[in-house]
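Visitor: Data: run_28.txt, compact mmCIF, C-alpha atoms and all ligand atoms.
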# COMPACT_ATOMS: atom_id res chain seq x y z
CA MET S 1 86.21 108.86 77.52
CA LEU S 2 86.33 105.13 78.25
CA GLU S 3 85.85 104.38 74.55
CA LYS S 4 88.63 106.81 73.67
CA ILE S 5 91.00 105.26 76.20
CA ARG S 6 90.33 101.76 74.79
CA TRP S 7 91.03 103.01 71.27
CA LEU S 8 94.20 104.92 72.25
CA LYS S 9 95.53 101.93 74.15
CA GLN S 10 95.26 99.79 71.05
CA GLU S 11 96.72 102.45 68.76
CA LYS S 12 99.77 103.04 70.99
CA ASN S 13 100.14 99.39 72.13
CA ALA S 14 99.90 100.62 75.72
CA VAL S 15 99.23 98.89 79.00
CA ILE S 16 97.65 100.73 81.96
CA ILE S 17 99.16 99.81 85.33
CA VAL S 18 97.37 101.17 88.40
CA HIS S 19 98.11 101.22 92.14
CA ASN S 20 95.44 100.12 94.66
CA TYR S 21 95.16 103.70 96.04
CA GLN S 22 94.11 105.31 92.76
CA ARG S 23 90.61 106.76 92.23
CA PRO S 24 87.92 104.12 91.60
CA GLU S 25 87.40 105.19 87.97
CA ILE S 26 91.14 104.83 87.33
CA GLN S 27 91.27 101.38 88.95
CA ASP S 28 88.37 100.40 86.69
CA ILE S 29 90.34 101.08 83.47
CA ALA S 30 93.43 99.16 84.62
CA ASP S 31 94.97 96.26 82.75
CA PHE S 32 96.63 95.51 86.05
CA VAL S 33 95.97 96.84 89.56
CA GLY S 34 98.05 95.91 92.58
CA ASP S 35 100.64 96.81 95.23
CA SER S 36 104.10 98.25 94.63
CA PHE S 37 105.75 94.82 94.39
CA ALA S 38 103.25 93.38 91.91
CA LEU S 39 103.35 96.57 89.82
CA SER S 40 107.16 96.34 89.58
CA GLN S 41 106.82 92.73 88.44
CA GLN S 42 104.26 93.71 85.81
CA ALA S 43 106.41 96.59 84.56
CA ALA S 44 109.35 94.21 84.13
CA LEU S 45 107.29 91.59 82.27
CA THR S 46 104.94 93.43 79.90
CA ASP S 47 105.54 93.31 76.14
CA ALA S 48 103.61 96.54 75.45
CA ASP S 49 105.52 99.47 73.88
CA VAL S 50 104.05 102.00 76.29
CA ILE S 51 103.43 101.68 80.04
CA LEU S 52 100.96 104.24 81.35
CA PHE S 53 101.56 104.31 85.08
CA CYS S 54 98.73 105.57 87.31
CA GLY S 55 100.41 105.98 90.67
CA VAL S 56 103.07 108.31 92.06
CA ASP S 57 106.51 109.39 90.85
CA PHE S 58 108.66 106.64 92.37
CA MET S 59 106.41 103.89 90.94
CA ALA S 60 106.63 105.22 87.39
CA GLU S 61 110.40 105.67 87.89
CA SER S 62 110.73 102.05 88.99
CA ALA S 63 108.88 100.95 85.84
CA ALA S 64 111.27 103.05 83.71
CA ILE S 65 114.31 101.60 85.52
CA LEU S 66 113.08 98.02 85.04
CA SER S 67 111.98 98.52 81.41
CA PRO S 68 114.54 100.93 79.92
CA ASP S 69 113.47 100.15 76.33
CA LYS S 70 109.82 101.07 76.87
CA THR S 71 108.08 104.41 76.98
CA VAL S 72 106.86 104.92 80.54
CA LEU S 73 104.27 107.67 81.02
CA ILE S 74 102.98 109.35 84.18
CA PRO S 75 99.77 111.32 83.52
CA ASP S 76 100.46 113.99 86.19
CA VAL S 77 104.04 114.95 87.11
CA ASP S 78 102.82 116.54 90.34
CA ALA S 79 101.82 113.13 91.73
CA GLN S 80 104.83 112.99 94.05
CA CYS S 81 105.12 110.85 97.17
CA PRO S 82 106.07 113.10 100.12
CA MET S 83 107.81 110.22 101.91
CA ALA S 84 110.07 109.56 98.90
CA ALA S 85 111.10 113.23 99.07
CA MET S 86 112.25 112.83 102.72
CA ILE S 87 115.59 111.24 101.75
CA THR S 88 118.14 112.46 99.21
CA ARG S 89 121.10 110.67 97.66
CA GLU S 90 123.47 113.03 99.51
CA ALA S 91 121.86 112.30 102.89
CA LEU S 92 122.11 108.55 102.25
CA ILE S 93 125.79 108.84 101.30
CA THR S 94 126.45 110.66 104.61
CA MET S 95 124.57 107.95 106.50
CA LYS S 96 126.62 105.25 104.77
CA GLN S 97 129.85 107.04 105.79
CA ARG S 98 128.64 107.02 109.42
CA HIS S 99 127.87 103.28 109.28
CA PRO S 100 130.54 101.82 106.98
CA ASP S 101 129.77 98.21 108.06
CA ALA S 102 126.05 98.38 107.31
CA GLY S 103 124.14 97.19 104.24
CA VAL S 104 121.49 99.47 102.74
CA VAL S 105 117.84 98.62 102.14
CA CYS S 106 115.73 101.27 100.50
CA TYR S 107 111.94 101.13 100.35
CA VAL S 108 110.81 101.50 96.73
CA ASN S 109 109.30 104.81 97.87
CA THR S 110 112.56 106.59 96.97
CA SER S 111 114.07 108.41 93.99
CA ALA S 112 116.20 106.59 91.39
CA PRO S 113 119.46 108.18 92.73
CA VAL S 114 118.66 106.86 96.26
CA LYS S 115 117.97 103.39 94.82
CA ALA S 116 121.33 103.55 93.04
CA GLU S 117 123.11 104.09 96.39
CA SER S 118 121.35 101.08 97.97
CA ASP S 119 122.21 97.37 98.01
CA ILE S 120 118.62 96.29 97.53
CA CYS S 121 115.07 97.70 97.39
CA CYS S 122 112.07 96.39 99.29
CA THR S 123 108.33 96.94 99.41
CA SER S 124 105.90 96.49 102.28
CA ALA S 125 105.31 92.96 100.93
CA ASN S 126 108.89 91.78 101.49
CA ALA S 127 110.74 94.19 103.86
CA VAL S 128 111.51 91.41 106.37
CA GLU S 129 112.73 88.91 103.76
CA VAL S 130 114.86 91.58 102.07
CA VAL S 131 116.55 92.57 105.35
CA GLU S 132 117.20 88.90 106.10
CA SER S 133 118.64 88.33 102.61
CA LEU S 134 121.60 90.66 103.26
CA ASP S 135 124.97 89.41 104.51
CA TYR S 136 125.22 92.28 107.00
CA ASP S 137 124.42 92.35 110.73
CA GLU S 138 123.67 96.08 110.54
CA VAL S 139 121.19 97.43 108.01
CA ILE S 140 120.47 101.05 107.12
CA PHE S 141 116.77 101.25 106.24
CA VAL S 142 115.42 104.30 104.38
CA PRO S 143 113.19 106.30 104.35
CA ASP S 144 110.25 104.91 106.36
CA LYS S 145 110.92 104.63 110.11
CA ASN S 146 107.63 102.80 110.65
CA LEU S 147 108.35 100.08 108.08
CA ALA S 148 111.89 99.86 109.50
CA ARG S 149 110.52 99.33 113.02
CA TYR S 150 108.05 96.77 111.66
CA ALA S 151 110.84 94.79 109.96
CA ALA S 152 112.93 95.02 113.17
CA ARG S 153 110.26 92.94 114.97
CA PHE S 154 111.16 89.92 112.84
CA THR S 155 114.96 90.02 112.61
CA LYS S 156 117.99 89.83 114.90
CA LYS S 157 119.86 92.30 112.69
CA THR S 158 120.37 95.87 113.92
CA ILE S 159 118.18 98.20 111.86
CA ILE S 160 119.29 101.82 111.50
CA PRO S 161 116.20 103.72 110.32
CA TRP S 162 115.94 107.05 108.53
CA ASP S 163 113.47 109.44 110.13
CA GLY S 164 110.93 109.49 107.27
CA TYR S 165 107.27 108.53 107.31
CA CYS S 166 104.15 108.46 105.17
CA PRO S 167 101.91 111.36 106.26
CA THR S 168 98.77 109.43 105.29
CA HIS S 169 99.58 106.38 107.43
CA HIS S 170 101.49 108.14 110.25
CA GLN S 171 98.43 110.27 111.09
CA ILE S 172 96.44 107.13 112.00
CA LEU S 173 96.52 106.93 115.83
CA PRO S 174 95.83 104.03 118.22
CA ARG S 175 92.72 105.99 119.27
CA ASP S 176 91.35 105.71 115.69
CA ILE S 177 91.67 101.92 115.81
CA LEU S 178 89.97 101.72 119.22
CA ASP S 179 87.12 103.97 118.00
CA ALA S 180 86.65 101.90 114.82
CA LYS S 181 86.63 98.67 116.87
CA GLU S 182 83.95 100.12 119.12
CA LYS S 183 81.81 100.95 116.08
CA HIS S 184 82.40 97.56 114.40
CA PRO S 185 83.08 95.09 117.21
CA GLY S 186 82.97 91.99 114.97
CA ALA S 187 85.41 93.31 112.32
CA GLU S 188 89.00 92.17 111.76
CA VAL S 189 91.55 95.00 111.73
CA LEU S 190 94.02 95.11 108.81
CA VAL S 191 96.64 97.86 108.78
CA HIS S 192 99.59 98.77 106.58
CA PRO S 193 103.17 98.42 107.96
CA GLU S 194 103.66 102.16 107.23
CA CYS S 195 101.48 102.77 110.33
CA ARG S 196 102.91 103.62 113.77
CA PRO S 197 103.95 100.68 115.98
CA GLY S 198 101.10 101.43 118.45
CA VAL S 199 98.58 101.10 115.60
CA ILE S 200 100.12 97.84 114.38
CA ASP S 201 99.96 96.45 117.94
CA LEU S 202 96.17 96.89 117.96
CA ALA S 203 95.62 95.26 114.55
CA ASP S 204 94.90 91.64 113.72
CA SER S 205 97.32 91.78 110.81
CA ALA S 206 99.76 94.16 109.06
CA GLN S 207 99.90 93.68 105.30
CA SER S 208 100.88 95.34 102.04
CA THR S 209 97.81 96.44 100.07
CA GLU S 210 97.85 93.26 97.98
CA GLY S 211 98.39 91.25 101.18
CA MET S 212 95.11 92.76 102.45
CA VAL S 213 93.32 91.42 99.35
CA ARG S 214 94.75 87.94 99.96
CA HIS S 215 93.91 88.12 103.67
CA ALA S 216 90.29 89.19 103.00
CA ARG S 217 89.97 86.29 100.52
CA SER S 218 91.17 83.60 102.91
CA SER S 219 89.61 84.99 106.13
CA HIS S 220 86.30 83.67 107.49
CA SER S 221 85.42 87.20 108.68
CA ASN S 222 82.84 89.20 106.77
CA GLU S 223 83.79 92.64 108.13
CA PHE S 224 87.13 94.43 108.10
CA ILE S 225 88.46 97.74 109.41
CA ILE S 226 91.04 98.96 106.89
CA GLY S 227 93.99 101.02 108.16
CA THR S 228 95.46 102.29 104.94
CA GLU S 229 94.73 104.79 102.14
CA SER S 230 91.01 104.94 101.32
CA GLY S 231 91.41 103.85 97.65
CA MET S 232 91.90 100.35 99.03
CA ILE S 233 88.23 100.17 99.99
CA HIS S 234 87.19 100.28 96.30
CA ARG S 235 89.59 97.48 95.40
CA LEU S 236 88.36 95.29 98.28
CA GLU S 237 84.64 95.96 97.68
CA LYS S 238 85.06 95.11 94.02
CA GLU S 239 86.86 91.83 94.78
CA PHE S 240 84.55 90.78 97.64
CA PRO S 241 81.07 92.28 97.12
CA THR S 242 79.51 90.28 99.97
CA LYS S 243 82.05 91.42 102.60
CA LYS S 244 82.08 94.80 104.38
CA PHE S 245 85.10 97.13 104.57
CA TYR S 246 85.30 100.22 106.80
CA ALA S 247 87.98 102.92 106.47
CA VAL S 248 89.65 103.45 109.84
CA SER S 249 88.95 107.21 109.60
CA ASP S 250 87.75 109.82 107.11
CA TYR S 251 91.26 111.25 106.75
CA THR S 252 93.24 108.38 105.28
CA ILE S 253 93.60 110.01 101.87
CA CYS S 254 96.90 110.48 100.03
CA PRO S 255 96.57 113.64 97.90
CA ALA S 256 99.35 112.51 95.54
CA MET S 257 97.55 109.22 94.83
CA LYS S 258 94.34 111.07 93.93
CA MET S 259 95.85 113.38 91.29
CA VAL S 260 95.42 111.25 88.18
CA THR S 261 91.97 111.67 86.55
CA LEU S 262 90.37 110.13 83.44
CA PRO S 263 90.98 113.29 81.32
CA ASP S 264 94.67 113.13 82.37
CA VAL S 265 94.82 109.53 81.12
CA VAL S 266 93.32 110.51 77.74
CA ARG S 267 95.76 113.44 77.35
CA SER S 268 98.68 111.31 78.42
CA LEU S 269 97.97 108.59 75.83
CA GLU S 270 97.11 111.09 73.07
CA ASN S 271 100.30 113.13 73.46
CA LEU S 272 102.58 110.43 74.94
CA LYS S 273 103.27 112.66 77.93
CA HIS S 274 104.88 112.80 80.43
CA VAL S 275 107.73 110.46 79.59
CA VAL S 276 109.68 109.29 82.65
CA THR S 277 113.44 109.33 82.06
CA ILE S 278 116.19 108.01 84.31
CA PRO S 279 119.66 109.61 84.27
CA ASP S 280 122.24 107.24 82.70
CA ALA S 281 124.49 107.68 85.73
CA VAL S 282 122.01 105.91 88.03
CA GLN S 283 120.01 103.60 85.71
CA GLU S 284 122.18 100.50 85.99
CA ARG S 285 122.80 100.66 89.75
CA ALA S 286 119.16 101.43 90.54
CA LYS S 287 118.08 98.49 88.35
CA ARG S 288 120.43 96.17 90.21
CA ALA S 289 118.77 97.12 93.54
CA LEU S 290 115.29 96.51 92.08
CA ASP S 291 116.27 93.25 90.35
CA ARG S 292 117.68 91.91 93.63
CA MET S 293 114.37 92.71 95.32
CA LEU S 294 112.40 90.91 92.60
CA GLN S 295 114.60 87.85 93.12
CA VAL S 296 113.75 87.78 96.84
CA GLY S 297 110.01 87.75 95.99
CA ALA S 298 107.12 88.77 98.22
CA THR S 299 105.12 87.11 100.97
CA ARG S 300 102.96 89.72 102.73
P1 LIG D 1 101.90 98.84 98.82
O1 LIG D 1 100.71 98.91 97.89
O2 LIG D 1 103.08 98.26 98.16
O3 LIG D 1 101.51 98.17 100.09
O4 LIG D 1 102.35 100.34 99.11
C1 LIG D 1 101.72 101.26 99.88
C2 LIG D 1 102.07 102.66 99.57
O5 LIG D 1 102.01 103.52 100.40
C3 LIG D 1 102.47 103.01 98.23
O6 LIG D 1 102.66 104.36 98.14
FE1 LIG D 2 103.65 108.15 99.61
FE2 LIG D 2 102.09 107.49 101.68
FE3 LIG D 2 101.02 108.50 99.49
FE4 LIG D 2 102.05 106.02 99.47
S1 LIG D 2 100.28 106.73 100.63
S2 LIG D 2 102.32 107.65 97.92
S3 LIG D 2 103.77 106.30 100.86
S4 LIG D 2 102.44 109.55 100.87
Show the structure stored in the file as structure tokens.
Ligand code: 13P
Ligand code: SF4
Guide:
Amino acid sequence: MLEKIRWLKQEKNAVIIVHNYQRPEIQDIADFVGDSFALSQQAALTDADVILFCGVDFMAESAAILSPDKTVLIPDVDAQCPMAAMITREALITMKQRHPDAGVVCYVNTSAPVKAESDICCTSANAVEVVESLDYDEVIFVPDKNLARYAARFTKKTIIPWDGYCPTHHQILPRDILDAKEKHPGAEVLVHPECRPGVIDLADSAQSTEGMVRHARSSHSNEFIIGTESGMIHRLEKEFPTKKFYAVSDYTICPAMKMVTLPDVVRSLENLKHVVTIPDAVQERAKRALDRMLQVGATR
């Protein structure tokens, strides 16, 4: 299968872009693996004709928005982020009417129509900087209430959060961190900003998934408790084979992120399916929100 994928990639002039939470065997075939911010950058820069996106719906959509002239493929259309589905365009319009003086930041974990109704997108790597970049004192932040509350720690602006959350991160409880610390007393605790505030309070650092890679590289620690989706452990072990990484619990698995398999990748490249398309009515406005985010950059 690996041989076939290599051959198909060449034949179709395709690049395989993979999120850090994907299955190990999918990460291992990536041309590029990273967090949502870095993947958006890659999607905007590549000169391949075809982008095969191994991640979830909103990531492949972002690639299609940023690279409208390329063929963007998602191997499994059922790989849908439940948090992205927690806010609709209509709900955001109603929220904007209730807060007419507020700017709108949307996490990239949203549909293209929600992006189109927003001033700017953000990822977990730049939520604070994006909020600060707006000329508004009030900021509507959708859909993740945990990332909104995390950003609120670092700004004087009033953040108005939507009541969404990531089921995979929200289920991690302070108790899980305390138990993991008891088991691994010498380990540093890294968690994702999609976690509850009480979990973040117990951690040594809150980082995007790529931020965790950078942190593990620069830290003097040799052991880390990882409070994010379990796919991250493969990425970290591969980068730092002499360091030890422990998942905070056995349940930090995102079903949507685990859907893409190697046979799906072969089928997707062979048949050029499933092509991600963005409605004309939202393409331009959604791209503007993503482009603004790319201009702000990323720090975490
Ligand atoms: P990052 O990799 O950007 O930190 O995103 C985490 C996530 O939950 C993506 O679905
Ligand atoms: Fe969505 Fe959470 Fe899964 Fe990321 S880990 S795709 S935010 S449900």
Visitor: Quick one, how far is CA of Val108 in chain S from CA of Asp47 in chain S?
Guide: 22.8 Å
Visitor: One decimal, in Å: what's the spacing between atom FE2 of ligand LIG 2 (chain D) and CA of Asp135 in chain S?
Guide: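 A separation of 29.3 Å between them.
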Visitor: Please identify every polymer residue within 6 Å of ligand LIG 1 (chain D), using only C-alpha atoms and all ligand atoms, and present the set as a PyMOL selection string.
Guide: chain S and resi 35-37+123-124+208-209
Visitor: With only C-alpha atoms as the counted atoms, please give the residues lying no more than 7 Å from Val189 in chain S, apart from itself and same-chain residues fewer than 5 positions off, as a short mmCIF file (atom, residue, chain, number, x, y, z; two decimals) with C-alpha atoms, keeping the file's coordinate frame.
Guide:
data_model
loop_
_atom_site.label_atom_id
_atom_site.label_comp_id
_atom_site.auth_asym_id
_atom_site.auth_seq_id
_atom_site.Cartn_x
_atom_site.Cartn_y
_atom_site.Cartn_z
CA ALA S 203 95.62 95.26 114.55
CA ASP S 204 94.90 91.64 113.72
CA SER S 205 97.32 91.78 110.81
CA PHE S 224 87.13 94.43 108.10
CA ILE S 225 88.46 97.74 109.41
CA ILE S 226 91.04 98.96 106.89
#
Visitor: Excluding same-chain residues fewer than 2 positions from Ser118 in chain S, what lies within 7 Å of it counting all atoms listed in the file, as a PyMOL selection string?
Guide: chain S and resi 104-106+114-116+120+289
Visitor: Which residues are near Val296 in chain S? Cut-off 8 Å, all atoms listed in the file, ignore same chain within fewer than 6 positions. Put them as a tab-separated table (two decimals) with C-alpha atoms, in the frame of the given file.
Guide:
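File around_9.tsv, as written:
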chain	number	residue	atom	x	y	z
S	126	ASN	CA	108.89	91.78	101.49
S	129	GLU	CA	112.73	88.91	103.76
S	130	VAL	CA	114.86	91.58	102.07
S	133	SER	CA	118.64	88.33	102.61
Visitor: For Cys81 in chain S, which residue among S:Asp119, S:Asp57, S:Glu270, S:Asp144 is the nearest when counting only C-alpha atoms?
Guide: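 Among S:Asp119, S:Asp57, S:Glu270, S:Asp144, it is S:Asp57 that comes nearest to Cys81 in chain S.
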Visitor: With ligand LIG 2 (chain D) as the partner and 10 Å as the cut-off, tabulate the residues of chain S that qualify, each row holding the nearest pair of atoms and their distance in Å to one decimal, using all atoms listed in the file, sorted by chain and rising number, as CSV.
Guide:
residue,atom,partner,partner_atom,distance
S:His19,CA,D:LIG2,FE4,9.6
S:Tyr21,CA,D:LIG2,S1,7.5
S:Gln22,CA,D:LIG2,S2,10.0
S:Ser36,CA,D:LIG2,FE4,9.4
S:Gly55,CA,D:LIG2,S2,7.7
S:Val56,CA,D:LIG2,S2,5.9
S:Asp57,CA,D:LIG2,S2,8.4
S:Phe58,CA,D:LIG2,S2,8.5
S:Met59,CA,D:LIG2,S2,8.9
S:Ala79,CA,D:LIG2,S2,8.3
S:Gln80,CA,D:LIG2,S2,7.1
S:Cys81,CA,D:LIG2,FE1,3.9
S:Pro82,CA,D:LIG2,S4,5.1
S:Met83,CA,D:LIG2,FE1,5.2
S:Ala84,CA,D:LIG2,FE1,6.6
S:Ala85,CA,D:LIG2,FE1,9.0
S:Tyr107,CA,D:LIG2,S3,9.7
S:Val108,CA,D:LIG2,S3,9.5
S:Asn109,CA,D:LIG2,S3,6.5
S:Thr110,CA,D:LIG2,FE1,9.4
S:Asp144,CA,D:LIG2,S3,8.6
S:Tyr165,CA,D:LIG2,S3,7.7
S:Cys166,CA,D:LIG2,FE2,4.2
S:Pro167,CA,D:LIG2,S4,5.7
S:Thr168,CA,D:LIG2,FE2,5.3
S:His169,CA,D:LIG2,FE2,6.4
S:His170,CA,D:LIG2,FE2,8.6
S:His192,CA,D:LIG2,S1,10.0
S:Glu194,CA,D:LIG2,S3,7.6
S:Cys195,CA,D:LIG2,FE2,9.9
S:Thr228,CA,D:LIG2,S1,7.8
S:Glu229,CA,D:LIG2,S1,6.1
S:Ser230,CA,D:LIG2,S1,9.5
S:Gly231,CA,D:LIG2,S1,9.8
S:Thr252,CA,D:LIG2,S1,8.6
S:Ile253,CA,D:LIG2,S1,7.5
S:Cys254,CA,D:LIG2,FE3,4.6
S:Pro255,CA,D:LIG2,FE3,7.0
S:Ala256,CA,D:LIG2,FE3,5.9
S:Met257,CA,D:LIG2,FE3,5.9
S:Lys258,CA,D:LIG2,FE3,9.1
Visitor: So that I have them on file, write out the residues from the current selection with C-alpha atoms, as a tab-separated table (two decimals), in the frame of the given file.
Guide:
chain	number	residue	atom	x	y	z
S	19	HIS	CA	98.11	101.22	92.14
S	21	TYR	CA	95.16	103.70	96.04
S	22	GLN	CA	94.11	105.31	92.76
S	36	SER	CA	104.10	98.25	94.63
S	55	GLY	CA	100.41	105.98	90.67
S	56	VAL	CA	103.07	108.31	92.06
S	57	ASP	CA	106.51	109.39	90.85
S	58	PHE	CA	108.66	106.64	92.37
S	59	MET	CA	106.41	103.89	90.94
S	79	ALA	CA	101.82	113.13	91.73
S	80	GLN	CA	104.83	112.99	94.05
S	81	CYS	CA	105.12	110.85	97.17
S	82	PRO	CA	106.07	113.10	100.12
S	83	MET	CA	107.81	110.22	101.91
S	84	ALA	CA	110.07	109.56	98.90
S	85	ALA	CA	111.10	113.23	99.07
S	107	TYR	CA	111.94	101.13	100.35
S	108	VAL	CA	110.81	101.50	96.73
S	109	ASN	CA	109.30	104.81	97.87
S	110	THR	CA	112.56	106.59	96.97
S	144	ASP	CA	110.25	104.91	106.36
S	165	TYR	CA	107.27	108.53	107.31
S	166	CYS	CA	104.15	108.46	105.17
S	167	PRO	CA	101.91	111.36	106.26
S	168	THR	CA	98.77	109.43	105.29
S	169	HIS	CA	99.58	106.38	107.43
S	170	HIS	CA	101.49	108.14	110.25
S	192	HIS	CA	99.59	98.77	106.58
S	194	GLU	CA	103.66	102.16	107.23
S	195	CYS	CA	101.48	102.77	110.33
S	228	THR	CA	95.46	102.29	104.94
S	229	GLU	CA	94.73	104.79	102.14
S	230	SER	CA	91.01	104.94	101.32
S	231	GLY	CA	91.41	103.85	97.65
S	252	THR	CA	93.24	108.38	105.28
S	253	ILE	CA	93.60	110.01	101.87
S	254	CYS	CA	96.90	110.48	100.03
S	255	PRO	CA	96.57	113.64	97.90
S	256	ALA	CA	99.35	112.51	95.54
S	257	MET	CA	97.55	109.22	94.83
S	258	LYS	CA	94.34	111.07	93.93
Visitor: How many Å separate CA of Asn20 in chain S from CA of Glu210 in chain S?
Guide: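 Separating CA of Asn20 in chain S from CA of Glu210 in chain S is a distance of 8.0 Å.
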Visitor: Which of these residues is nearest to Asp28 in chain S, using only C-alpha atoms: S:Arg149, S:Lys273, S:Lys12, S:His234?
Guide: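 Closest residue, counting only C-alpha atoms: S:His234.
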Visitor: Near range 41-43 of chain S, within 8 Å and counting all atoms listed in the file, which residues show up once chain neighbours fewer than 4 positions away are dropped, as a PyMOL selection string?
Guide: chain S and resi 17+32+37+51+63+66-67+294
Visitor: Excluding Ala60 in chain S and any residue of its chain fewer than 5 positions from it, enumerate the residues within 8 Å of it, using all atoms listed in the file, and give them as a list in words.
Guide: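 Result of the neighbour search: Phe53, Cys54, Gly55, Val72, Leu73, Ile74 and Val276 of chain S.
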Visitor: Considering all atoms listed in the file, state which residue in the set S:Ser268, S:Thr158, S:Ser40, S:Asn13 is at the smallest distance from Gly297 in chain S.
Guide: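 Closest to Gly297 in chain S, using all atoms listed in the file: S:Ser40.
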Visitor: Measuring atom to atom with all atoms listed in the file, identify which of S:Leu178, S:Leu92, S:Ala125, S:Ile172 is nearest to Ala151 in chain S.
Guide: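 Nearest to Ala151 in chain S: S:Ala125.
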Visitor: I need range 256-276 of chain S from the structure I supplied, saved as a PDB file, in the first residue's frame with N, CA and C atoms retained.
Guide:
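Okay, decode.pdb is ready:
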ATOM      1  N   ALA S 256     -13.455  11.178  15.212  1.00  0.00           N
ATOM      2  CA  ALA S 256     -13.405  11.767  13.860  1.00  0.00           C
ATOM      3  C   ALA S 256     -11.973  11.772  13.322  1.00  0.00           C
ATOM      4  N   MET S 257     -11.010  12.005  14.205  1.00  0.00           N
ATOM      5  CA  MET S 257      -9.605  12.074  13.785  1.00  0.00           C
ATOM      6  C   MET S 257      -9.046  10.692  13.448  1.00  0.00           C
ATOM      7  N   LYS S 258      -9.737   9.637  13.878  1.00  0.00           N
ATOM      8  CA  LYS S 258      -9.222   8.285  13.659  1.00  0.00           C
ATOM      9  C   LYS S 258      -9.866   7.611  12.438  1.00  0.00           C
ATOM     10  N   MET S 259     -10.691   8.336  11.707  1.00  0.00           N
ATOM     11  CA  MET S 259     -11.447   7.692  10.618  1.00  0.00           C
ATOM     12  C   MET S 259     -10.612   7.356   9.407  1.00  0.00           C
ATOM     13  N   VAL S 260      -9.649   8.211   9.065  1.00  0.00           N
ATOM     14  CA  VAL S 260      -8.895   7.982   7.824  1.00  0.00           C
ATOM     15  C   VAL S 260      -7.906   6.829   8.012  1.00  0.00           C
ATOM     16  N   THR S 261      -7.968   5.849   7.076  1.00  0.00           N
ATOM     17  CA  THR S 261      -7.074   4.678   7.115  1.00  0.00           C
ATOM     18  C   THR S 261      -6.229   4.658   5.840  1.00  0.00           C
ATOM     19  N   LEU S 262      -5.208   3.793   5.804  1.00  0.00           N
ATOM     20  CA  LEU S 262      -4.375   3.701   4.589  1.00  0.00           C
ATOM     21  C   LEU S 262      -5.197   3.309   3.352  1.00  0.00           C
ATOM     22  N   PRO S 263      -6.103   2.299   3.429  1.00  0.00           N
ATOM     23  CA  PRO S 263      -6.915   1.993   2.241  1.00  0.00           C
ATOM     24  C   PRO S 263      -7.740   3.199   1.769  1.00  0.00           C
ATOM     25  N   ASP S 264      -8.220   4.027   2.708  1.00  0.00           N
ATOM     26  CA  ASP S 264      -8.968   5.238   2.317  1.00  0.00           C
ATOM     27  C   ASP S 264      -8.068   6.172   1.503  1.00  0.00           C
ATOM     28  N   VAL S 265      -6.802   6.281   1.929  1.00  0.00           N
ATOM     29  CA  VAL S 265      -5.871   7.180   1.234  1.00  0.00           C
ATOM     30  C   VAL S 265      -5.646   6.674  -0.190  1.00  0.00           C
ATOM     31  N   VAL S 266      -5.454   5.366  -0.352  1.00  0.00           N
ATOM     32  CA  VAL S 266      -5.243   4.789  -1.691  1.00  0.00           C
ATOM     33  C   VAL S 266      -6.466   5.085  -2.568  1.00  0.00           C
ATOM     34  N   ARG S 267      -7.659   4.772  -2.052  1.00  0.00           N
ATOM     35  CA  ARG S 267      -8.899   4.995  -2.824  1.00  0.00           C
ATOM     36  C   ARG S 267      -9.063   6.468  -3.187  1.00  0.00           C
ATOM     37  N   SER S 268      -8.752   7.320  -2.232  1.00  0.00           N
ATOM     38  CA  SER S 268      -8.928   8.752  -2.441  1.00  0.00           C
ATOM     39  C   SER S 268      -8.027   9.251  -3.577  1.00  0.00           C
ATOM     40  N   LEU S 269      -6.776   8.814  -3.578  1.00  0.00           N
ATOM     41  CA  LEU S 269      -5.837   9.253  -4.633  1.00  0.00           C
ATOM     42  C   LEU S 269      -6.188   8.617  -5.982  1.00  0.00           C
ATOM     43  N   GLU S 270      -6.576   7.332  -5.946  1.00  0.00           N
ATOM     44  CA  GLU S 270      -6.918   6.633  -7.193  1.00  0.00           C
ATOM     45  C   GLU S 270      -8.088   7.286  -7.909  1.00  0.00           C
ATOM     46  N   ASN S 271      -9.136   7.610  -7.127  1.00  0.00           N
ATOM     47  CA  ASN S 271     -10.396   8.089  -7.724  1.00  0.00           C
ATOM     48  C   ASN S 271     -10.577   9.596  -7.613  1.00  0.00           C
ATOM     49  N   LEU S 272      -9.576  10.287  -7.040  1.00  0.00           N
ATOM     50  CA  LEU S 272      -9.682  11.726  -6.760  1.00  0.00           C
ATOM     51  C   LEU S 272     -11.009  12.057  -6.062  1.00  0.00           C
ATOM     52  N   LYS S 273     -11.217  11.385  -4.951  1.00  0.00           N
ATOM     53  CA  LYS S 273     -12.439  11.567  -4.149  1.00  0.00           C
ATOM     54  C   LYS S 273     -12.055  11.698  -2.690  1.00  0.00           C
ATOM     55  N   HIS S 274     -12.703  12.406  -1.910  1.00  0.00           N
ATOM     56  CA  HIS S 274     -13.881  13.238  -2.154  1.00  0.00           C
ATOM     57  C   HIS S 274     -13.399  14.675  -2.284  1.00  0.00           C
ATOM     58  N   VAL S 275     -13.817  15.321  -3.362  1.00  0.00           N
ATOM     59  CA  VAL S 275     -13.353  16.696  -3.592  1.00  0.00           C
ATOM     60  C   VAL S 275     -14.123  17.654  -2.673  1.00  0.00           C
ATOM     61  N   VAL S 276     -13.376  18.511  -1.976  1.00  0.00           N
ATOM     62  CA  VAL S 276     -14.007  19.487  -1.074  1.00  0.00           C
ATOM     63  C   VAL S 276     -14.323  20.741  -1.880  1.00  0.00           C
TER      64      VAL S 276
END
